[in-house]
Amino acid sequence: MKFLNLYSIKGPNIYSYNPVIVMEVDLEEHTRIYSNEIPDFIPTLLAYFPGLKKHHCCKNYAGGFVERLHTGTLLGHVMEHLALELQTMIAEPVHYGKTRYSDEINAYRIVFSYYHEALGLQTAKVAFQSIVDILAGKELDVQGIINRLEREYTNASYGPSTQSIIEVAQKRKIPVIPLSRRSSLVQLGYGSKQKLIQATITQGTSCIGVDIACDKLETKEIFGEMGLPVPKGYQASTLEEARTIMDKLGTPVVVKPVDGNQGKGVSLNISTPEELLRAFEVGQRYGKEVLIEEYIQGNDYRLTVVNGELAAASHRLPPFVVGDGVHNIRQLIQKVNADNLRGEGHEKPLTRIKIDQVVLMTIYRQGLTLERILPEGEKVFLRENGNLSTGGTAYDVTEMVHPENKQLVERAARIIGLDIAGIDLRTEDISRPISRYGGAIIEINAAPGIRMHHYPTAGKVRNVAEKIVDMLFPKGNGRIPIFAVTGTNGKTTTTRLIQHILLQTGKTVGMTTTDGIYVNRNLVFKGDTTGPWSSQVILKDSTVEMAVLETARGGIIRAGLGYDRSDVGIVLNVSDDHLGLAGIETLEDLARVKSLVAETVHKDGICVLNGDNLYTVKMAEKCIGEVIFFTRNPHQEVIQRHLKVGGRVIVADEEMIQIWNAGEIKPLISLKEIPMVWNGKAIHQVENVLAAIAGLYGYGMDVEYIVKGLCTFGGDIQSNPGRLNLIECDGWRLILDYGHNVEGYRSVINFAQKLGYQRLLGVVGVPGDRPDSSIEKVGHLVGDTFDQVWIKEDDDLRGRRSGQIVDILLKGISAGGQRTRHKIILNEKEALEAMLSELQTGDIGIIFYEKEPEKLLKIIEKYMGELQQDRQEKDLSLNKSSVFAVNSSR
């Protein structure tokens with residue numbers, strides 16, 4: 001067996017609306033061998049992974065997969081289920097999977113859902129290797145496998161604070177975009193509505209506030225000057241300075257790093273020179289400067305303030321063990337750490353207790369060692385502080401906090417300037433005011449952990465993450481309007497037109513197209529950008545208020561959509577193109593891919609479908625948003641049926657575009673007023689206009705903006721470069737267009753025929769990744785319509801040998817209905833120059849280009865300039881001849 005490929009698809013995709021892992025495996029000699037044909041395979045597999053017995057598979061009941069094993073299923077299908085089971089064992093149950101043999105890669109494509117991307121990718125590898133090892137008779141170390149996966153899962157997972165915020169955001173349908181797993185940097189929301197978080201640091205968190213909170217001494221000084229109760233303390237960089245300070249303050253004291261966090265390096269209740277020495281050494285492991293301050297008697301409380309208000313309060317207890325008369329302290333710690341609620345870091349509600357110098361010093365001061373066996377029931381605290389990160393536990397006391405103490409911590413957060421703060425208090429009883437009963441603010445923490453509030457050992461759960469999300473998004477769900485456009489032809493024009501009209505509102509509009517990524521009129525990245533990456537570039541841009549995303553077939557198949565839901569999804573048409581690629585063999589297959597754009601419109605959104613295209617009409621059945629059809633034939637049955645149930649339709653007749661709704665017909669704009677449709681002669685452009693109007697009108701845009709935009713969007717190289725650009729010169733006309741399939745060619749040829757011509761000339765070619773039959777259809781159409789063509793070849797042959805496309809086109813041309821003259825000039829620019837030199841008065845020339853129309857335009861402009869110069873020289877020569885003739889006659 002060979003493991004060929006592995007990748008994740010994060011957005012809605014052709015397999016599922018949810019993220020999936022895709023693995024490609026060549027089973028080689030096991031390609032057609034079934035599970036029930038392999039001796040001992042089934043019992044061995046189930047012995048190692050008994051959880052597979054609960055899998056339903058296609059049977060829809062527990063045990064269904066085992067039945068499939070016994071009746072016989074292929075090993076790719078087994079790998080799919082094993083990958084799902086491994087994820088369930090480590091993290092969360094996942095259920096979706098699909099395995100199919102792909103002729104395209106001559107291997108199995110195994111697809112399954114995932115809860116955590118890194119874990120999903122790892123389980124794919126483990127599932128493959130486990131099947132290989134079972135077939136080879138090797139013994140599996142299942143526990144070792146699980147331990148390794150757990151470690152990898154933990155290392156790649158977000159911390160509990162970040163994860164809690166993400167989960168709240170997802171419940172509110174706020175988009176979540178991971179920006180960096182390494183630093184837990186996450187974007188919530190899209191475009192201008194986005195907010196960044198990093199654990200409990202937000203983009204609104206004051207940098208100065210964080211710096212102050214990280215400097216314990218500076219914080220203490222500021223609080224003291226503002227009248228807040230703080231322990232007395234001083235900074236020391238040497239042991240001698242520390243001793244002097246302890247003598248000055250009196251004992252006991254606290255020793256901690258000036259810029260520490262999470263309770264690391266903190267030693268409490270230090271009373272003797274020997275204890276000070278050890279505490280000072282521990283503190284200096286986290287920084288040269290150490291803070292020596294008076295020890296405040298009382299309990300340890302953490303109060304978390306969000307957006308100026310107390311969100312939760314916990315009573316923190318240091319880690320401890322309770323004797324049983326049998327085990328020593330070291331063994332008791334091991335028993336505590338065996339609790340499933342405890343993890344190595346922050347991945348679980350509690351953290352395992354680590355035996356370090358602080359623990360050793362704490363039990364030493366109690367006259368104990370790790371080897372001491374404690375009497376039954378005796379409790380021994382292992383540290384003085386109750387930080388969860390060092391093994392402590394927390395008990396919710398939010399409702400017990402005295403109003404004065406609440407005001408105290410809220411004021412402390414305001415003074416430092418933190419939107420989210422964790423304030424540590426020591427006092428005997430949090431329900432009594434510190435001002436009268438004693439206590440102090442020990443420190444304030446930026447980026448406070450909220451795990452203790454979400455997973456208290458006892459008491460009420462406090463959803464601090466929800467309060468953080470409420471602060472970030474007091475209204476709405478962090479989304480900007482998204483218009484997604486797909487179809488076989490017309491995507492770029494429709495996308496550009498929608499953006500042009502949206503710009504009339506003064507909003508910042510991001511756009512992705514086949515020629516690049518734009519923010520307003522500014523090109524920020526040049527290239528064919530119609531996949532999920534380019535969509536993410538727009539949605540990550542904090543200036544973008546509206547997004548228009550051209551969405552092509554290739555990107556959907558390879559990597560899904562770059563967004564989760566759209567407000568408007570437009571499917572222009574489905575026709576012959578790209579068949580035979582990536583498993584797309586039929587028009588039904590192609591329609592299934594493009595339908596994803598309509599299916600992922602949210603329930604209050606708009607699905608715009610071509611009512612004149614059989615394949616797009618069928619998509620209406622899968623749309624959860626409102627369907628608006630556009631059509632040039634409103635009297636057909638599907639449109640009439642739609643109107644009868646209250647549906648809306650955008651209609652074009654020979655002269656006018658109209659809005660049909662509930663028996664009412666509203667004229668919108670005359671075709672003569674829309675430059676890009678050339679008085680209605682460009683039928684395919686009329687359809688693009690209808691689609692754009694349907695999307696914008698359905699979204700709720702004022703018709704005045706729509707009409708204004710339609711009147712100001714031209715068919716020229718400035719408004720719509722490379723899409724039906726008509727250039728006139730010296731009595732002939734030239735059309736520059738990106739047509740690259742038979743329907744694209746037919747649309748442009750129909751337009752030329754409506755314009756009228758003496759001869760039709762063309763530079764033609766087809767991308768190499770189309771099937772021979774599609775290329776031949778283009779050739780046949782060319783042979784039916786053109787008087788003369790120059791056959792060129794794309795720079796990117798897409799897997800073809802040079803000249804192969806030409807041969808197929810010639811085969812089609814020869815089958816055409818008229819005797820088309822042809823020349824072969826493989827270079828596109830040279831072919832254009834050759835055609836230009838042949839154009840005469842009354843001719844129309846069409847160039848179907850591959851890319852970079854601006855370079856071809858320079859050739860055209862140069863040629864036109866030369867013609868003009870020649871004309872001027874002739875005129876000048878004629879004028880001179882006339883003058884000479886006059887003078888001679890005199």
# chains A, B, ... in the order shown; residues from 1 in each chain; ligands from 1
>>> residues_around(residues="A:Val409", least_positions_apart="5", cutoff="8 Å", atoms="only C-alpha atoms", output="ChimeraX atom specification")
/A:303,305,310,423
>>> residues_around(residues="A:Lys851", least_positions_apart="4", cutoff="10 Å", atoms="only C-alpha atoms", output="PDB file with C-alpha atoms, in the first residue's frame")
ATOM      1  CA  THR A 514      -9.734  35.875 -12.385  1.00  0.00           C
ATOM      2  CA  ASP A 515      -7.353  38.823 -12.731  1.00  0.00           C
ATOM      3  CA  GLY A 527      -3.395  36.560 -10.544  1.00  0.00           C
ATOM      4  CA  ASP A 528      -6.240  34.120 -11.021  1.00  0.00           C
ATOM      5  CA  GLY A 722     -10.939  41.375 -21.439  1.00  0.00           C
ATOM      6  CA  TYR A 738     -11.821  35.541 -22.648  1.00  0.00           C
ATOM      7  CA  ASP A 794      -1.689  28.849 -24.813  1.00  0.00           C
ATOM      8  CA  ASP A 795       1.634  29.360 -23.032  1.00  0.00           C
ATOM      9  CA  GLU A 828      -0.815  34.505 -29.318  1.00  0.00           C
ATOM     10  CA  LYS A 855      -0.550  43.274 -23.273  1.00  0.00           C
ATOM     11  CA  LEU A 856      -2.699  42.468 -26.271  1.00  0.00           C
TER      12      LEU A 856
END
>>> closest_residue(among="A:Asp769, A:Asp429, A:Glu275, A:Glu80", to="A:Leu360", atoms="only C-alpha atoms")
A:Glu275
>>> atom_distance(atom1="atom CA of A:Ile468", atom2="atom CA of A:Pro175")
15.5 Å
>>> select_by_dssp(residues="stretch 333-571 of chain A", states="helix (DSSP H, G or I)", output="MDAnalysis selection string")
chainID A and resid 333:337 357:365 388:390 398:400 403:416 434:437 451:454 464:472 491:505 532:540 553:559
>>> residues_around(residues="stretch 102-108 of chain A", least_positions_apart="4", cutoff="6 Å", atoms="only C-alpha atoms", output="list in words")
Glu24, Val25 and Asp26 of chain A
>>> closest_residue(among="A:His116, A:His822, A:His635, A:Arg800", to="A:Gln87", atoms="only C-alpha atoms")
A:His116
>>> closest_residue(among="A:Ser575, A:Thr530, A:Thr457, A:Ser183", to="A:Arg558", atoms="only C-alpha atoms")
A:Thr530
>>> select_by_dssp(residues="stretch 284-531 of chain A", states="strand (DSSP E)", output="VMD selection string")
chain A and resid 290 to 294 299 to 306 309 to 317 320 to 322 342 to 343 350 to 351 379 to 381 393 to 396 420 to 427 440 to 446 482 to 486 509 to 513 516 to 519 522 to 526
>>> residues_around(residues="stretch 594-608 of chain A", least_positions_apart="6", cutoff="6 Å", atoms="only C-alpha atoms", output="ChimeraX atom specification")
/A:565-570,622-629
>>> write_last_selection(atoms="all heavy atoms", output="short mmCIF file (atom, residue, chain, number, x, y, z; two decimals), in the first residue's frame")
data_model
loop_
_atom_site.label_atom_id
_atom_site.label_comp_id
_atom_site.auth_asym_id
_atom_site.auth_seq_id
_atom_site.Cartn_x
_atom_site.Cartn_y
_atom_site.Cartn_z
N ARG A 565 -20.87 30.95 5.14
CA ARG A 565 -22.20 31.28 4.64
C ARG A 565 -22.13 32.60 3.90
O ARG A 565 -21.32 33.47 4.23
CB ARG A 565 -23.21 31.40 5.80
CG ARG A 565 -23.53 30.08 6.50
CD ARG A 565 -24.45 29.24 5.62
NE ARG A 565 -24.85 28.01 6.28
CZ ARG A 565 -24.22 26.85 6.18
NH1 ARG A 565 -23.12 26.77 5.46
NH2 ARG A 565 -24.67 25.78 6.79
N SER A 566 -22.99 32.78 2.90
CA SER A 566 -23.04 34.05 2.17
C SER A 566 -24.42 34.65 2.29
O SER A 566 -25.39 33.97 2.66
CB SER A 566 -22.67 33.84 0.70
OG SER A 566 -23.66 33.07 0.04
N ASP A 567 -24.50 35.92 1.96
CA ASP A 567 -25.79 36.61 1.95
C ASP A 567 -26.48 36.45 0.61
O ASP A 567 -27.70 36.37 0.54
CB ASP A 567 -25.58 38.09 2.26
CG ASP A 567 -25.01 38.29 3.64
OD1 ASP A 567 -23.77 38.27 3.78
OD2 ASP A 567 -25.79 38.47 4.59
N VAL A 568 -25.67 36.45 -0.45
CA VAL A 568 -26.19 36.28 -1.80
C VAL A 568 -25.30 35.29 -2.54
O VAL A 568 -24.08 35.48 -2.60
CB VAL A 568 -26.23 37.62 -2.57
CG1 VAL A 568 -26.72 37.40 -4.00
CG2 VAL A 568 -27.11 38.63 -1.85
N GLY A 569 -25.91 34.24 -3.08
CA GLY A 569 -25.18 33.28 -3.89
C GLY A 569 -25.78 33.25 -5.28
O GLY A 569 -26.99 33.07 -5.44
N ILE A 570 -24.94 33.47 -6.29
CA ILE A 570 -25.41 33.57 -7.67
C ILE A 570 -24.81 32.43 -8.50
O ILE A 570 -23.58 32.27 -8.51
CB ILE A 570 -25.02 34.92 -8.28
CG1 ILE A 570 -25.66 36.07 -7.49
CG2 ILE A 570 -25.41 34.99 -9.75
CD1 ILE A 570 -25.22 37.45 -7.92
N LYS A 622 -32.35 22.66 -3.23
CA LYS A 622 -31.40 22.55 -2.12
C LYS A 622 -31.15 23.88 -1.41
O LYS A 622 -30.36 23.93 -0.47
CB LYS A 622 -30.08 21.99 -2.63
CG LYS A 622 -30.16 20.55 -3.12
CD LYS A 622 -28.78 20.02 -3.49
CE LYS A 622 -28.84 18.58 -3.91
NZ LYS A 622 -27.49 18.05 -4.25
N CYS A 623 -31.78 24.94 -1.87
CA CYS A 623 -31.53 26.27 -1.29
C CYS A 623 -32.39 26.47 -0.04
O CYS A 623 -33.58 26.20 -0.05
CB CYS A 623 -31.85 27.35 -2.30
SG CYS A 623 -30.80 27.34 -3.76
N ILE A 624 -31.76 26.98 1.02
CA ILE A 624 -32.53 27.33 2.22
C ILE A 624 -32.85 28.82 2.23
O ILE A 624 -33.72 29.28 2.96
CB ILE A 624 -31.80 26.93 3.51
CG1 ILE A 624 -30.45 27.67 3.64
CG2 ILE A 624 -31.60 25.43 3.58
CD1 ILE A 624 -29.78 27.48 4.97
N GLY A 625 -32.14 29.60 1.43
CA GLY A 625 -32.45 31.02 1.28
C GLY A 625 -33.54 31.23 0.25
O GLY A 625 -33.96 30.29 -0.45
N GLU A 626 -34.00 32.46 0.12
CA GLU A 626 -35.02 32.78 -0.89
C GLU A 626 -34.41 32.67 -2.29
O GLU A 626 -33.32 33.17 -2.55
CB GLU A 626 -35.55 34.20 -0.69
CG GLU A 626 -36.59 34.60 -1.74
CD GLU A 626 -36.89 36.08 -1.77
OE1 GLU A 626 -36.40 36.80 -0.87
OE2 GLU A 626 -37.60 36.51 -2.70
N VAL A 627 -35.14 32.03 -3.20
CA VAL A 627 -34.69 31.90 -4.58
C VAL A 627 -35.29 33.02 -5.42
O VAL A 627 -36.49 33.28 -5.38
CB VAL A 627 -35.10 30.53 -5.17
CG1 VAL A 627 -34.80 30.48 -6.66
CG2 VAL A 627 -34.38 29.40 -4.43
N ILE A 628 -34.42 33.72 -6.15
CA ILE A 628 -34.86 34.68 -7.16
C ILE A 628 -34.32 34.20 -8.50
O ILE A 628 -33.11 34.03 -8.67
CB ILE A 628 -34.34 36.10 -6.86
CG1 ILE A 628 -34.91 36.61 -5.53
CG2 ILE A 628 -34.73 37.06 -7.99
CD1 ILE A 628 -34.46 38.03 -5.17
N PHE A 629 -35.22 33.97 -9.45
CA PHE A 629 -34.80 33.57 -10.78
C PHE A 629 -34.58 34.80 -11.65
O PHE A 629 -35.22 35.85 -11.45
CB PHE A 629 -35.87 32.69 -11.44
CG PHE A 629 -35.90 31.27 -10.93
CD1 PHE A 629 -37.02 30.80 -10.25
CD2 PHE A 629 -34.83 30.41 -11.13
CE1 PHE A 629 -37.08 29.49 -9.79
CE2 PHE A 629 -34.88 29.11 -10.67
CZ PHE A 629 -35.99 28.64 -9.99
#
>>> closest_residue(among="A:Ser837, A:Asn827, A:Gln818, A:Thr495", to="A:Asn688", atoms="only C-alpha atoms")
A:Thr495
>>> residues_around(residues="A:Glu37", least_positions_apart="2", cutoff="10 Å", atoms="only C-alpha atoms", output="list in words")
Ile33, Tyr34, Ser35, Pro39, Asp40, Phe41, Ile42, Leu69, His70, Thr71, Gly72, Thr73 and Leu74 of chain A
>>> atom_distance(atom1="atom CA of A:Tyr757", atom2="atom CA of A:Ile844")
6.0 Å
>>> residues_around(residues="A:Lys54", least_positions_apart="3", cutoff="7 Å", atoms="only C-alpha atoms", output="mmCIF file with N, CA, C and O atoms, in the first residue's frame")
data_model
loop_
_atom_site.group_PDB
_atom_site.id
_atom_site.type_symbol
_atom_site.label_atom_id
_atom_site.label_comp_id
_atom_site.auth_asym_id
_atom_site.auth_seq_id
_atom_site.Cartn_x
_atom_site.Cartn_y
_atom_site.Cartn_z
ATOM 1 N N GLY A 51 -14.269 0.001 19.879
ATOM 2 C CA GLY A 51 -15.244 1.066 19.644
ATOM 3 C C GLY A 51 -15.864 1.001 18.256
ATOM 4 O O GLY A 51 -16.951 1.547 18.025
ATOM 5 N N ALA A 62 -26.223 0.883 15.555
ATOM 6 C CA ALA A 62 -24.957 0.410 16.112
ATOM 7 C C ALA A 62 -24.717 -1.023 15.682
ATOM 8 O O ALA A 62 -25.609 -1.865 15.738
ATOM 9 N N GLY A 63 -23.489 -1.298 15.255
ATOM 10 C CA GLY A 63 -23.157 -2.638 14.775
ATOM 11 C C GLY A 63 -23.243 -2.759 13.262
ATOM 12 O O GLY A 63 -22.858 -3.783 12.691
#
>>> residues_around(residues="A:Phe848", least_positions_apart="5", cutoff="9 Å", atoms="only C-alpha atoms", output="PyMOL selection string")
chain A and resi 735-740+745+762-766
>>> closest_residue(among="A:Asp419, A:Val336, A:Phe112, A:Glu344", to="A:Ser206", atoms="only C-alpha atoms")
A:Asp419
>>> atom_distance(atom1="atom CA of A:Arg871", atom2="atom CA of A:Trp732")
15.1 Å
>>> closest_residue(among="A:Thr488, A:Asn750, A:Thr251, A:Gln187", to="A:Ala682", atoms="only C-alpha atoms")
A:Asn750
